[in-house]
file coords_26.txt (compact mmCIF, C-alpha atoms)
# COMPACT_ATOMS: atom_id res chain seq x y z
CA MET L 261 162.60 143.10 213.61
CA SER L 262 160.22 146.02 213.98
CA ASP L 263 157.42 146.63 211.50
CA GLN L 264 159.23 149.83 210.60
CA ASN L 265 162.25 147.89 209.43
CA MET L 266 160.18 145.36 207.58
CA LYS L 267 158.44 148.07 205.62
CA THR L 268 161.67 149.29 204.12
CA LYS L 269 162.15 145.86 202.65
CA SER L 270 158.95 145.77 200.61
CA VAL L 271 159.52 146.28 196.91
CA ASN L 272 156.17 146.67 195.18
CA GLU L 273 157.52 147.96 191.91
CA LYS L 274 159.20 144.72 190.81
CA VAL L 275 157.68 142.68 187.98
CA ILE L 276 156.41 139.37 189.32
CA SER L 277 155.88 136.10 187.45
CA PRO L 278 152.29 135.01 186.67
CA ALA L 279 152.79 131.73 188.57
CA VAL L 280 153.60 133.64 191.75
CA ILE L 281 150.68 136.02 191.20
CA LYS L 282 148.32 133.09 190.93
CA ARG L 283 149.39 131.93 194.39
CA LEU L 284 149.07 135.34 196.08
CA PRO L 285 145.29 135.28 196.65
CA ARG L 286 145.69 131.93 198.39
CA TYR L 287 148.36 133.33 200.72
CA TYR L 288 146.08 136.26 201.35
CA ARG L 289 143.18 133.94 202.21
CA TYR L 290 145.28 131.90 204.64
CA LEU L 291 146.73 135.00 206.28
CA GLY L 292 143.20 136.38 206.68
CA ASP L 293 142.16 133.15 208.43
CA LEU L 294 145.19 133.39 210.74
CA LEU L 295 144.34 137.00 211.58
CA LYS L 296 140.77 136.02 212.45
CA ASN L 297 142.22 133.43 214.82
CA ASP L 298 144.43 136.10 216.46
CA VAL L 299 147.69 134.57 215.25
CA VAL L 300 150.33 137.31 215.52
CA ARG L 301 153.26 135.64 213.79
CA ILE L 302 153.95 132.47 211.84
CA SER L 303 157.04 130.71 210.50
CA SER L 304 157.26 129.73 206.85
CA LYS L 305 157.32 126.12 208.07
CA GLU L 306 154.02 126.45 209.94
CA LEU L 307 152.44 128.35 207.06
CA SER L 308 153.67 125.72 204.60
CA GLN L 309 152.08 122.92 206.65
CA LYS L 310 148.76 124.73 206.70
CA MET L 311 148.86 125.51 202.99
CA ASN L 312 150.29 122.18 201.88
CA VAL L 313 153.18 123.74 199.95
CA THR L 314 156.90 123.70 200.78
CA ALA L 315 158.38 126.29 203.14
CA SER L 316 160.98 127.03 200.51
CA GLN L 317 158.24 127.84 197.98
CA ILE L 318 156.70 130.32 200.41
CA ARG L 319 160.03 132.00 201.12
CA GLN L 320 160.82 132.20 197.41
CA ASP L 321 157.40 133.62 196.56
CA LEU L 322 157.55 136.27 199.26
CA ASN L 323 161.14 137.16 198.40
CA ASN L 324 159.77 138.35 195.06
CA PHE L 325 158.41 141.30 196.96
CA GLY L 326 161.55 141.90 198.95
CA GLY L 327 160.72 139.36 201.68
CA PHE L 328 158.63 140.11 204.73
CA GLY L 329 160.04 137.69 207.26
CA GLN L 330 163.04 137.38 209.52
CA GLN L 331 165.11 134.31 210.38
CA GLY L 332 163.98 133.00 213.77
CA TYR L 333 160.95 135.29 213.94
CA GLY L 334 158.95 134.28 210.90
CA TYR L 335 156.26 136.54 209.46
CA ASN L 336 154.22 139.19 211.20
CA VAL L 337 150.75 138.06 210.09
CA GLU L 338 148.97 141.41 210.20
CA TYR L 339 151.76 143.21 208.38
CA LEU L 340 152.13 140.52 205.70
CA TYR L 341 148.35 140.43 205.20
CA SER L 342 148.24 144.18 204.78
CA GLU L 343 151.20 144.28 202.36
CA MET L 344 149.70 141.44 200.28
CA GLY L 345 146.46 143.38 200.14
CA LYS L 346 148.32 146.38 198.72
CA ILE L 347 150.10 144.22 196.14
CA LEU L 348 146.73 142.77 195.09
CA GLY L 349 145.26 146.28 194.81
CA LEU L 350 142.75 145.61 197.59
CA ASP L 351 143.61 148.82 199.48
CA ARG L 352 141.51 150.93 197.11
CA ASP L 353 137.86 150.97 196.05
CA ASN L 354 137.19 148.30 193.48
CA ASN L 355 133.68 149.11 192.30
CA ILE L 356 132.04 146.40 190.25
CA ILE L 357 128.95 146.36 188.07
CA ILE L 358 127.32 143.08 187.12
CA ILE L 359 125.75 142.66 183.70
CA GLY L 360 123.14 139.91 183.96
CA ALA L 361 120.89 139.59 187.03
CA GLY L 362 120.27 135.84 186.71
CA ASN L 363 121.33 133.24 189.28
CA LEU L 364 125.02 133.70 188.63
CA GLY L 365 124.86 137.50 188.79
CA GLN L 366 122.88 137.24 192.01
CA ALA L 367 125.36 134.71 193.40
CA LEU L 368 128.18 137.20 192.82
CA ALA L 369 126.17 140.04 194.40
CA ASN L 370 125.51 137.84 197.44
CA ASN L 371 129.14 136.75 197.87
CA GLN L 372 130.29 137.97 201.26
CA ASP L 373 133.99 137.50 200.56
CA PHE L 374 133.99 140.32 198.01
CA ASP L 375 132.83 142.94 200.50
CA SER L 376 135.50 142.10 203.03
CA ASN L 377 138.20 142.39 200.35
CA GLY L 378 137.23 145.85 199.15
CA PHE L 379 135.18 144.79 196.15
CA LYS L 380 131.88 146.61 196.06
CA ILE L 381 129.02 145.70 193.76
CA ILE L 382 127.40 149.06 192.98
CA GLY L 383 124.88 148.09 190.33
CA ILE L 384 123.38 145.15 188.45
CA PHE L 385 121.97 145.48 184.94
CA ASP L 386 119.54 143.36 182.97
CA VAL L 387 117.06 143.50 180.11
CA ASN L 388 114.41 141.44 181.90
CA PRO L 389 111.56 143.66 183.23
CA LYS L 390 110.83 141.04 185.90
CA LEU L 391 114.28 141.53 187.41
CA ILE L 392 114.65 145.30 186.93
CA GLY L 393 113.88 147.18 190.15
CA MET L 394 114.57 144.28 192.50
CA THR L 395 117.49 144.49 194.92
CA VAL L 396 120.10 141.86 195.71
CA LYS L 397 121.78 142.41 199.07
CA GLY L 398 120.82 146.07 198.82
CA VAL L 399 122.11 146.51 195.26
CA GLU L 400 119.53 147.57 192.69
CA VAL L 401 118.95 145.86 189.36
CA TYR L 402 118.76 148.56 186.68
CA ASP L 403 117.53 148.55 183.11
CA ILE L 404 120.50 147.93 180.79
CA ASP L 405 119.55 151.18 179.03
CA MET L 406 120.76 153.04 182.12
CA LEU L 407 124.31 151.72 181.68
CA LYS L 408 125.80 154.74 179.93
CA ASP L 409 124.36 157.20 182.41
CA PHE L 410 125.37 155.05 185.39
CA ILE L 411 128.98 154.72 184.26
CA ALA L 412 129.20 158.45 183.62
CA HIS L 413 128.24 159.14 187.23
CA HIS L 414 130.07 156.33 189.08
CA ASP L 415 133.66 155.19 189.39
CA VAL L 416 133.24 151.71 187.86
CA ARG L 417 136.43 149.70 187.88
CA ILE L 418 135.29 146.22 186.83
CA ALA L 419 132.37 144.84 184.82
CA ALA L 420 131.34 141.25 185.59
CA LEU L 421 129.61 139.61 182.64
CA THR L 422 127.11 136.97 183.72
CA LEU L 423 125.03 136.89 180.58
CA PRO L 424 124.60 134.52 177.64
CA LYS L 425 127.43 133.81 175.22
CA SER L 426 125.45 135.37 172.38
CA LYS L 427 125.17 138.74 174.13
CA ALA L 428 128.49 139.06 175.96
CA PRO L 429 130.76 140.23 173.09
CA VAL L 430 128.42 143.08 172.05
CA ILE L 431 127.89 144.34 175.61
CA ALA L 432 131.62 144.07 176.30
CA ARG L 433 132.39 146.29 173.31
CA GLU L 434 129.76 148.81 174.43
CA LEU L 435 131.27 148.86 177.91
CA CYS L 436 134.71 149.36 176.40
CA ASP L 437 133.44 152.36 174.48
CA LEU L 438 132.09 153.70 177.77
CA GLY L 439 135.58 153.47 179.27
CA ILE L 440 135.51 150.15 181.17
CA ARG L 441 138.97 148.60 181.08
CA ALA L 442 138.58 145.44 183.19
CA PHE L 443 136.20 142.53 182.66
CA TRP L 444 135.39 139.53 184.80
CA ASN L 445 133.91 137.32 182.13
CA PHE L 446 131.69 134.34 182.99
CA ALA L 447 130.23 133.97 179.49
CA PRO L 448 131.66 130.93 177.65
CA VAL L 449 133.19 133.03 174.90
CA ASP L 450 136.53 134.74 174.33
CA LEU L 451 136.17 138.51 174.21
CA SER L 452 138.17 140.28 171.53
CA LEU L 453 138.83 143.69 172.99
CA SER L 454 141.61 146.22 172.60
CA GLU L 455 145.09 145.47 173.96
CA ASP L 456 144.81 147.70 177.01
CA VAL L 457 141.70 145.93 178.30
CA ILE L 458 142.11 143.28 181.02
CA VAL L 459 139.89 140.21 180.83
CA GLU L 460 139.80 137.57 183.56
CA ASN L 461 137.78 134.59 182.38
CA VAL L 462 135.87 132.15 184.56
CA HIS L 463 134.80 129.50 182.06
CA LEU L 464 132.74 127.02 184.07
CA SER L 465 132.27 124.62 181.14
CA GLU L 466 136.02 124.39 180.70
CA SER L 467 136.53 123.83 184.41
CA ILE L 468 134.07 120.91 184.52
CA MET L 469 135.65 119.43 181.37
CA THR L 470 139.07 119.55 183.02
CA LEU L 471 137.60 117.70 185.98
CA SER L 472 136.04 115.15 183.63
CA TYR L 473 139.40 114.67 181.90
CA ARG L 474 141.11 114.06 185.23
CA ILE L 475 138.48 111.45 186.23
CA HIS L 476 138.70 109.80 182.83
CA SER L 477 142.49 109.64 182.72
CA LYS L 478 142.67 108.33 186.31
CA ASN L 479 140.28 105.51 185.45
CA GLN L 480 142.17 104.37 182.37
CA MET Y 33 142.40 110.98 154.06
CA SER Y 34 139.32 109.01 155.12
CA ASP Y 35 137.99 109.08 158.68
CA GLN Y 36 138.91 105.41 158.87
CA ASN Y 37 142.57 106.20 158.32
CA MET Y 38 142.54 109.10 160.74
CA LYS Y 39 141.11 106.95 163.51
CA THR Y 40 144.12 104.65 163.48
CA LYS Y 41 146.23 107.67 164.29
CA SER Y 42 144.57 108.54 167.59
CA VAL Y 43 146.56 107.60 170.65
CA ASN Y 44 144.45 108.16 173.74
CA GLU Y 45 146.64 106.26 176.18
CA LYS Y 46 149.54 108.72 176.16
CA VAL Y 47 150.21 110.91 179.22
CA ILE Y 48 149.60 114.55 178.36
CA SER Y 49 151.01 117.66 180.04
CA PRO Y 50 148.68 119.74 182.25
CA ALA Y 51 149.27 122.84 180.09
CA VAL Y 52 147.94 121.04 177.05
CA ILE Y 53 144.99 119.63 179.00
CA LYS Y 54 144.04 123.12 180.09
CA ARG Y 55 143.76 124.14 176.44
CA LEU Y 56 141.68 121.15 175.32
CA PRO Y 57 138.27 122.43 176.52
CA ARG Y 58 138.86 125.61 174.54
CA TYR Y 59 139.64 123.65 171.37
CA TYR Y 60 136.53 121.60 172.05
CA ARG Y 61 134.43 124.75 172.40
CA TYR Y 62 135.72 126.24 169.15
CA LEU Y 63 135.24 122.98 167.25
CA GLY Y 64 131.69 122.78 168.60
CA ASP Y 65 131.02 126.29 167.25
CA LEU Y 66 132.45 125.32 163.86
CA LEU Y 67 130.25 122.22 163.75
CA LYS Y 68 127.17 124.31 164.52
CA ASN Y 69 128.12 126.51 161.57
CA ASP Y 70 128.43 123.42 159.34
CA VAL Y 71 132.16 123.78 158.83
CA VAL Y 72 133.43 120.38 157.61
CA ARG Y 73 137.17 120.93 157.69
CA ILE Y 74 139.59 123.57 158.88
CA SER Y 75 143.32 124.19 158.57
CA SER Y 76 145.46 124.76 161.65
CA LYS Y 77 146.07 128.26 160.27
CA GLU Y 78 142.37 129.12 160.10
CA LEU Y 79 141.74 127.58 163.52
CA SER Y 80 144.68 129.52 164.96
CA GLN Y 81 143.31 132.81 163.63
CA LYS Y 82 139.93 132.13 165.22
CA MET Y 83 141.43 131.08 168.54
CA ASN Y 84 144.16 133.71 168.64
CA VAL Y 85 146.98 131.20 169.19
CA THR Y 86 149.71 130.15 166.78
CA ALA Y 87 149.11 127.41 164.20
CA SER Y 88 152.25 125.71 165.44
CA GLN Y 89 150.83 125.60 168.98
CA ILE Y 90 147.68 123.90 167.70
CA ARG Y 91 149.66 121.34 165.69
CA GLN Y 92 151.91 120.61 168.65
CA ASP Y 93 148.99 120.26 171.05
CA LEU Y 94 147.08 117.90 168.78
CA ASN Y 95 150.21 115.88 167.99
CA ASN Y 96 150.19 114.92 171.66
CA PHE Y 97 147.26 112.70 170.81
CA GLY Y 98 148.81 111.30 167.66
CA GLY Y 99 147.68 114.17 165.43
CA PHE Y 100 144.33 114.33 163.70
CA GLY Y 101 145.13 116.38 160.63
CA GLN Y 102 146.73 115.89 157.26
CA GLN Y 103 149.03 118.23 155.33
CA GLY Y 104 146.98 120.06 152.71
CA TYR Y 105 143.64 118.88 154.10
CA GLY Y 106 143.65 120.23 157.63
CA TYR Y 107 141.34 118.83 160.27
CA ASN Y 108 138.03 117.08 159.83
CA VAL Y 109 135.98 119.13 162.30
CA GLU Y 110 133.40 116.50 163.26
CA TYR Y 111 136.01 113.79 163.76
CA LEU Y 112 138.34 116.02 165.77
CA TYR Y 113 135.42 117.24 167.92
CA SER Y 114 134.36 113.67 168.62
CA GLU Y 115 137.92 112.51 169.46
CA MET Y 116 138.45 115.49 171.77
CA GLY Y 117 135.18 114.63 173.50
CA LYS Y 118 136.47 111.11 174.14
CA ILE Y 119 139.77 112.43 175.49
CA LEU Y 120 137.86 114.75 177.82
CA GLY Y 121 135.67 111.87 178.98
CA LEU Y 122 132.52 113.47 177.56
CA ASP Y 123 131.43 110.32 175.73
CA ARG Y 124 130.03 108.78 178.92
CA ASP Y 125 127.43 109.78 181.50
CA ASN Y 126 128.83 112.33 183.91
CA ASN Y 127 126.17 112.55 186.59
CA ILE Y 128 126.53 115.47 188.96
CA ILE Y 129 124.92 116.29 192.28
CA ILE Y 130 124.98 119.83 193.61
CA ILE Y 131 125.32 120.47 197.34
CA GLY Y 132 123.85 123.88 198.06
CA ALA Y 133 120.70 125.13 196.30
CA GLY Y 134 121.47 128.83 196.59
CA ASN Y 135 122.03 131.17 193.64
CA LEU Y 136 125.28 129.55 192.61
CA GLY Y 137 123.89 126.00 192.81
CA GLN Y 138 120.87 127.11 190.80
CA ALA Y 139 123.12 128.85 188.27
CA LEU Y 140 124.98 125.57 187.70
CA ALA Y 141 121.72 123.62 187.40
CA ASN Y 142 120.49 126.13 184.82
CA ASN Y 143 123.68 126.10 182.75
CA GLN Y 144 122.76 124.84 179.30
CA ASP Y 145 126.32 124.08 178.24
CA PHE Y 146 126.60 121.22 180.71
CA ASP Y 147 123.71 119.27 179.19
CA SER Y 148 125.09 119.43 175.70
CA ASN Y 149 128.45 118.12 176.90
CA GLY Y 150 127.11 115.04 178.67
CA PHE Y 151 127.05 116.48 182.17
CA LYS Y 152 123.76 115.75 183.85
CA ILE Y 153 122.66 117.32 187.11
CA ILE Y 154 120.61 114.58 188.79
CA GLY Y 155 119.98 116.06 192.20
CA ILE Y 156 120.44 119.17 194.32
CA PHE Y 157 120.71 119.04 198.12
CA ASP Y 158 120.19 121.65 200.79
CA VAL Y 159 119.35 122.07 204.46
CA ASN Y 160 116.95 124.98 203.89
CA PRO Y 161 113.28 123.85 204.15
CA LYS Y 162 112.29 126.76 201.90
CA LEU Y 163 114.38 125.33 199.05
CA ILE Y 164 113.73 121.61 199.58
CA GLY Y 165 111.06 120.32 197.19
CA MET Y 166 111.49 123.03 194.56
CA THR Y 167 112.80 122.11 191.13
CA VAL Y 168 115.46 123.86 189.07
CA LYS Y 169 115.22 123.06 185.36
CA GLY Y 170 113.40 119.88 186.28
CA VAL Y 171 115.91 118.80 188.92
CA GLU Y 172 114.58 118.39 192.44
CA VAL Y 173 116.10 119.94 195.55
CA TYR Y 174 116.30 117.23 198.22
CA ASP Y 175 116.86 117.35 201.96
CA ILE Y 176 120.56 116.86 202.65
CA ASP Y 177 119.56 113.93 204.90
CA MET Y 178 118.61 112.03 201.73
CA LEU Y 179 122.21 112.15 200.45
CA LYS Y 180 123.32 108.69 201.57
CA ASP Y 181 120.24 106.98 200.17
CA PHE Y 182 120.43 108.94 196.91
CA ILE Y 183 124.07 108.07 196.29
CA ALA Y 184 123.40 104.41 197.03
CA HIS Y 185 120.78 104.32 194.28
CA HIS Y 186 122.36 106.56 191.62
CA ASP Y 187 125.60 106.59 189.66
CA VAL Y 188 126.98 109.89 190.95
CA ARG Y 189 130.28 110.82 189.36
CA ILE Y 190 130.85 114.39 190.54
CA ALA Y 191 129.72 116.44 193.55
CA ALA Y 192 129.61 120.20 193.05
CA LEU Y 193 129.99 122.09 196.33
CA THR Y 194 128.20 125.45 196.28
CA LEU Y 195 127.87 125.92 200.02
CA PRO Y 196 129.56 128.08 202.63
CA LYS Y 197 133.23 127.70 203.48
CA SER Y 198 132.36 126.61 207.02
CA LYS Y 199 130.31 123.63 205.83
CA ALA Y 200 132.19 122.45 202.74
CA PRO Y 201 135.01 120.42 204.39
CA VAL Y 202 132.62 118.37 206.56
CA ILE Y 203 130.21 117.60 203.71
CA ALA Y 204 133.12 116.75 201.42
CA ARG Y 205 134.42 114.19 203.91
CA GLU Y 206 130.94 112.69 204.26
CA LEU Y 207 130.63 112.44 200.49
CA CYS Y 208 134.05 110.80 200.33
CA ASP Y 209 132.90 108.20 202.85
CA LEU Y 210 129.89 107.58 200.60
CA GLY Y 211 132.23 106.84 197.69
CA ILE Y 212 132.35 110.16 195.80
CA ARG Y 213 135.78 110.56 194.21
CA ALA Y 214 135.48 113.84 192.27
CA PHE Y 215 134.61 117.29 193.59
CA TRP Y 216 133.92 120.55 191.83
CA ASN Y 217 134.54 122.90 194.70
CA PHE Y 218 133.21 126.47 194.71
CA ALA Y 219 133.65 127.02 198.46
CA PRO Y 220 136.61 129.32 199.23
CA VAL Y 221 138.48 126.65 201.17
CA ASP Y 222 141.02 123.97 200.32
CA LEU Y 223 139.60 120.48 200.85
CA SER Y 224 141.94 117.97 202.49
CA LEU Y 225 140.77 114.65 201.14
CA SER Y 226 142.51 111.36 200.43
CA GLU Y 227 145.06 111.11 197.61
CA ASP Y 228 142.77 109.31 195.16
CA VAL Y 229 140.13 112.05 195.28
CA ILE Y 230 140.10 114.63 192.49
CA VAL Y 231 139.25 118.23 193.41
CA GLU Y 232 138.77 120.95 190.83
CA ASN Y 233 138.51 124.32 192.55
CA VAL Y 234 136.69 127.39 191.28
CA HIS Y 235 137.72 130.03 193.79
CA LEU Y 236 135.86 133.18 192.74
CA SER Y 237 137.51 135.38 195.38
CA GLU Y 238 140.94 134.41 194.09
CA SER Y 239 139.88 135.06 190.51
CA ILE Y 240 138.67 138.59 191.28
CA MET Y 241 141.85 139.28 193.27
CA THR Y 242 143.96 138.23 190.29
CA LEU Y 243 141.96 140.66 188.16
CA SER Y 244 142.50 143.38 190.75
CA TYR Y 245 146.24 142.67 190.78
CA ARG Y 246 146.37 142.98 187.00
CA ILE Y 247 144.52 146.33 187.07
CA HIS Y 248 146.72 147.59 189.88
CA SER Y 249 150.03 146.56 188.29
CA LYS Y 250 148.98 148.01 184.90
CA ASN Y 251 148.22 151.35 186.52
CA GLN Y 252 151.52 151.61 188.36

call {"tool": "encode", "arguments": {"input": "coords_26.txt", "output": "structure tokens"}}
result
Amino acid sequence: MSDQNMKTKSVNEKVISPAVIKRLPRYYRYLGDLLKNDVVRISSKELSQKMNVTASQIRQDLNNFGGFGQQGYGYNVEYLYSEMGKILGLDRDNNIIIIGAGNLGQALANNQDFDSNGFKIIGIFDVNPKLIGMTVKGVEVYDIDMLKDFIAHHDVRIAALTLPKSKAPVIARELCDLGIRAFWNFAPVDLSLSEDVIVENVHLSESIMTLSYRIHSKNQ
Amino acid sequence: MSDQNMKTKSVNEKVISPAVIKRLPRYYRYLGDLLKNDVVRISSKELSQKMNVTASQIRQDLNNFGGFGQQGYGYNVEYLYSEMGKILGLDRDNNIIIIGAGNLGQALANNQDFDSNGFKIIGIFDVNPKLIGMTVKGVEVYDIDMLKDFIAHHDVRIAALTLPKSKAPVIARELCDLGIRAFWNFAPVDLSLSEDVIVENVHLSESIMTLSYRIHSKNQ
């Protein structure tokens, strides 16, 4: 099957279940690794062995998007990788600002995976005079008072909140008022924002508690 | 109902569904906040309004453990908090070592929530001579060569991996050989370890991609 034919099969407009969505970034990661290793095509069986899921699961998941493979050929790695990237919205600029220039904020700014996936950290903000003016991987740390002006002059798509629980809700509401509609929230607090705002939480305390539960229940 | 009576109702030995488990840390967090604000008891309705879930969901979830409330009284906050802590395995020492003393490792070591929930960072390990010997919140950064000796002399329950993707699988296998059976993995790679090893992944790249997907699909 030519790439041309495969393209006609992709159906990006379909609504996809959250469980499938959750697996997409992992497919994308594995396909990226295959690409780096110059793998041109792969069968669902081979991919399933690598990813430790069933081949049938992979076929079902990808069929949600119209299917990208062909019986006997398998998947064209480069094409599938590129189509997945489009589905995940990685084919456009995803500019991020980070609120909080502490260790976690700096860790995000230093993360090399973000760059290669089209996420670009364009500014870091803090209240701490010791941090303001420094650069992390070429990105400047600005005074939080500059936020309004910065957002007015840049296309900011996502705000990552790496600041204390006590401050996150207030800043989030301010950012909302300034037009930010997507938050990557690392503060251990639930943000109550308007319905049209997207919040993706990374609650580290909850993650470590889940791990603790699993250890505890295994040992019983 | 007295605390004495409520205690007889707790059933910790029951197997609980993963979906419920995932919600437990959030209940625990909210109950902790209530305790700090000196709230003695709360109805499922009040709790549900705070947590933005249904009261029926809360009652169902807690009934998995035998139920901790009483019609007309609601929940005793301190008791429920304490029982949840036991279920989550927070009533024992959970000693953690961190492998990788970069920004992310330091961010974990600095996280104040861990302390208050019984998680104790007891050592950080790195290969970088510039980092070895420094302390983060009183915890020393050791040479990675000290790992075997350290584990032999300390009760290490969890290893947090905050190191590059290329190094994580090898170190994880070494730690397994040294007896570590629980990993909190921040490296963007799936660890293939033996069946009895528990791995809790925090894949930041996948989290930001999920956020990107949600933005992208909302805008379509």

call {"tool": "closest_residue", "arguments": {"input": "coords_26.txt", "among": "L:Tyr402, L:Phe379, L:Tyr333, L:Tyr290", "to": "Ser244 of chain Y", "atoms": "all atoms listed in the file"}}
result
L:Phe379

call {"tool": "atom_distance", "arguments": {"input": "coords_26.txt", "atom1": "atom CA of Thr242 of chain Y", "atom2": "atom CA of Ser308 of chain L"}}
result
21.3 Å

call {"tool": "residues_near_point", "arguments": {"input": "coords_26.txt", "point": "(139.1, 120.5, 181.9)", "cutoff": "10 Å", "atoms": "all atoms listed in the file", "output": "JSON, numbers by chain"}}
result
{"L": [463, 464, 465, 466, 467, 468, 469, 470, 471, 472, 473, 474], "Y": [50, 53, 54, 55, 56, 57, 58, 120, 121, 232]}

call {"tool": "write_last_selection", "arguments": {"input": "coords_26.txt", "atoms": "C-alpha atoms", "output": "tab-separated table (two decimals), in the frame of the given file"}}
result
chain	number	residue	atom	x	y	z
L	463	HIS	CA	134.80	129.50	182.06
L	464	LEU	CA	132.74	127.02	184.07
L	465	SER	CA	132.27	124.62	181.14
L	466	GLU	CA	136.02	124.39	180.70
L	467	SER	CA	136.53	123.83	184.41
L	468	ILE	CA	134.07	120.91	184.52
L	469	MET	CA	135.65	119.43	181.37
L	470	THR	CA	139.07	119.55	183.02
L	471	LEU	CA	137.60	117.70	185.98
L	472	SER	CA	136.04	115.15	183.63
L	473	TYR	CA	139.40	114.67	181.90
L	474	ARG	CA	141.11	114.06	185.23
Y	50	PRO	CA	148.68	119.74	182.25
Y	53	ILE	CA	144.99	119.63	179.00
Y	54	LYS	CA	144.04	123.12	180.09
Y	55	ARG	CA	143.76	124.14	176.44
Y	56	LEU	CA	141.68	121.15	175.32
Y	57	PRO	CA	138.27	122.43	176.52
Y	58	ARG	CA	138.86	125.61	174.54
Y	120	LEU	CA	137.86	114.75	177.82
Y	121	GLY	CA	135.67	111.87	178.98
Y	232	GLU	CA	138.77	120.95	190.83

call {"tool": "residues_around", "arguments": {"input": "coords_26.txt", "residues": "Leu94 of chain Y", "least_positions_apart": "4", "cutoff": "12 Å", "atoms": "only C-alpha atoms", "output": "list of chain:residue names"}}
result
Y:Lys41, Y:Ser42, Y:Val43, Y:Asn44, Y:Ile48, Y:Ser49, Y:Val52, Y:Ile53, Y:Arg55, Y:Leu56, Y:Tyr59, Y:Tyr60, Y:Ser76, Y:Ala87, Y:Ser88, Y:Gln89, Y:Ile90, Y:Gly98, Y:Gly99, Y:Phe100, Y:Gly101, Y:Gln102, Y:Gly106, Y:Tyr107, Y:Leu112, Y:Tyr113, Y:Glu115, Y:Met116, Y:Ile119

call {"tool": "axis_aligned_box", "arguments": {"input": "coords_26.txt", "around": "segment 162-166 of chain Y", "padding_each_side": "8 Å", "output": "AutoDock Vina command-line options"}}
result
--center_x 112.7 --center_y 123.5 --center_z 198.2 --size_x 19.3 --size_y 22.4 --size_z 23.3

call {"tool": "residues_around", "arguments": {"input": "coords_26.txt", "residues": "Val401 of chain L", "least_positions_apart": "6", "cutoff": "8 Å", "atoms": "all atoms listed in the file", "output": "mmCIF file with C-alpha atoms, keeping the file's coordinate frame"}}
result
data_model
loop_
_atom_site.group_PDB
_atom_site.id
_atom_site.type_symbol
_atom_site.label_atom_id
_atom_site.label_comp_id
_atom_site.auth_asym_id
_atom_site.auth_seq_id
_atom_site.Cartn_x
_atom_site.Cartn_y
_atom_site.Cartn_z
ATOM 1 C CA ALA L 361 120.890 139.590 187.030
ATOM 2 C CA GLY L 383 124.880 148.090 190.330
ATOM 3 C CA ILE L 384 123.380 145.150 188.450
ATOM 4 C CA PHE L 385 121.970 145.480 184.940
ATOM 5 C CA ASP L 386 119.540 143.360 182.970
ATOM 6 C CA LEU L 391 114.280 141.530 187.410
ATOM 7 C CA ILE L 392 114.650 145.300 186.930
ATOM 8 C CA GLY L 393 113.880 147.180 190.150
ATOM 9 C CA MET L 394 114.570 144.280 192.500
ATOM 10 C CA THR L 395 117.490 144.490 194.920
#

call {"tool": "closest_residue", "arguments": {"input": "coords_26.txt", "among": "Y:Val188, Y:Gly104, Y:Asn95, Y:His248", "to": "Ser75 of chain Y", "atoms": "all atoms listed in the file"}}
result
Y:Gly104

call {"tool": "closest_residue", "arguments": {"input": "coords_26.txt", "among": "Y:Leu67, Y:Leu122, Y:Ile131, Y:Ile212", "to": "chain L", "atoms": "only C-alpha atoms"}}
result
Y:Leu122

call {"tool": "closest_residue", "arguments": {"input": "coords_26.txt", "among": "L:Val430, L:Val387, L:Val462, L:Ala420", "to": "Ile358 of chain L", "atoms": "all atoms listed in the file"}}
result
L:Ala420

call {"tool": "closest_residue", "arguments": {"input": "coords_26.txt", "among": "Y:Lys250, Y:Lys180, Y:Lys162, Y:Arg189", "to": "Glu455 of chain L", "atoms": "all atoms listed in the file"}}
result
Y:Lys250

call {"tool": "closest_residue", "arguments": {"input": "coords_26.txt", "among": "L:Asn388, L:Asn461, L:Asn324, L:Asn336", "to": "chain Y", "atoms": "all atoms listed in the file"}}
result
L:Asn461

call {"tool": "residues_around", "arguments": {"input": "coords_26.txt", "residues": "Asn312 of chain L", "least_positions_apart": "6", "cutoff": "10 Å", "atoms": "all atoms listed in the file", "output": "PyMOL selection string"}}
result
(chain L and resi 306) or (chain Y and resi 222+224)

call {"tool": "atom_distance", "arguments": {"input": "coords_26.txt", "atom1": "atom CA of Asp187 of chain Y", "atom2": "atom CA of Asn127 of chain Y"}}
result
6.7 Å

call {"tool": "residues_around", "arguments": {"input": "coords_26.txt", "residues": "Phe443 of chain L", "least_positions_apart": "5", "cutoff": "6 Å", "atoms": "all atoms listed in the file", "output": "number ranges by chain"}}
result
L: 418-420, 459

call {"tool": "atom_distance", "arguments": {"input": "coords_26.txt", "atom1": "atom CA of Ser342 of chain L", "atom2": "atom CA of Ile247 of chain Y"}}
result
18.2 Å

call {"tool": "residues_around", "arguments": {"input": "coords_26.txt", "residues": "Pro424 of chain L", "least_positions_apart": "6", "cutoff": "9 Å", "atoms": "only C-alpha atoms", "output": "ChimeraX atom specification"}}
result
/L:360,446-448
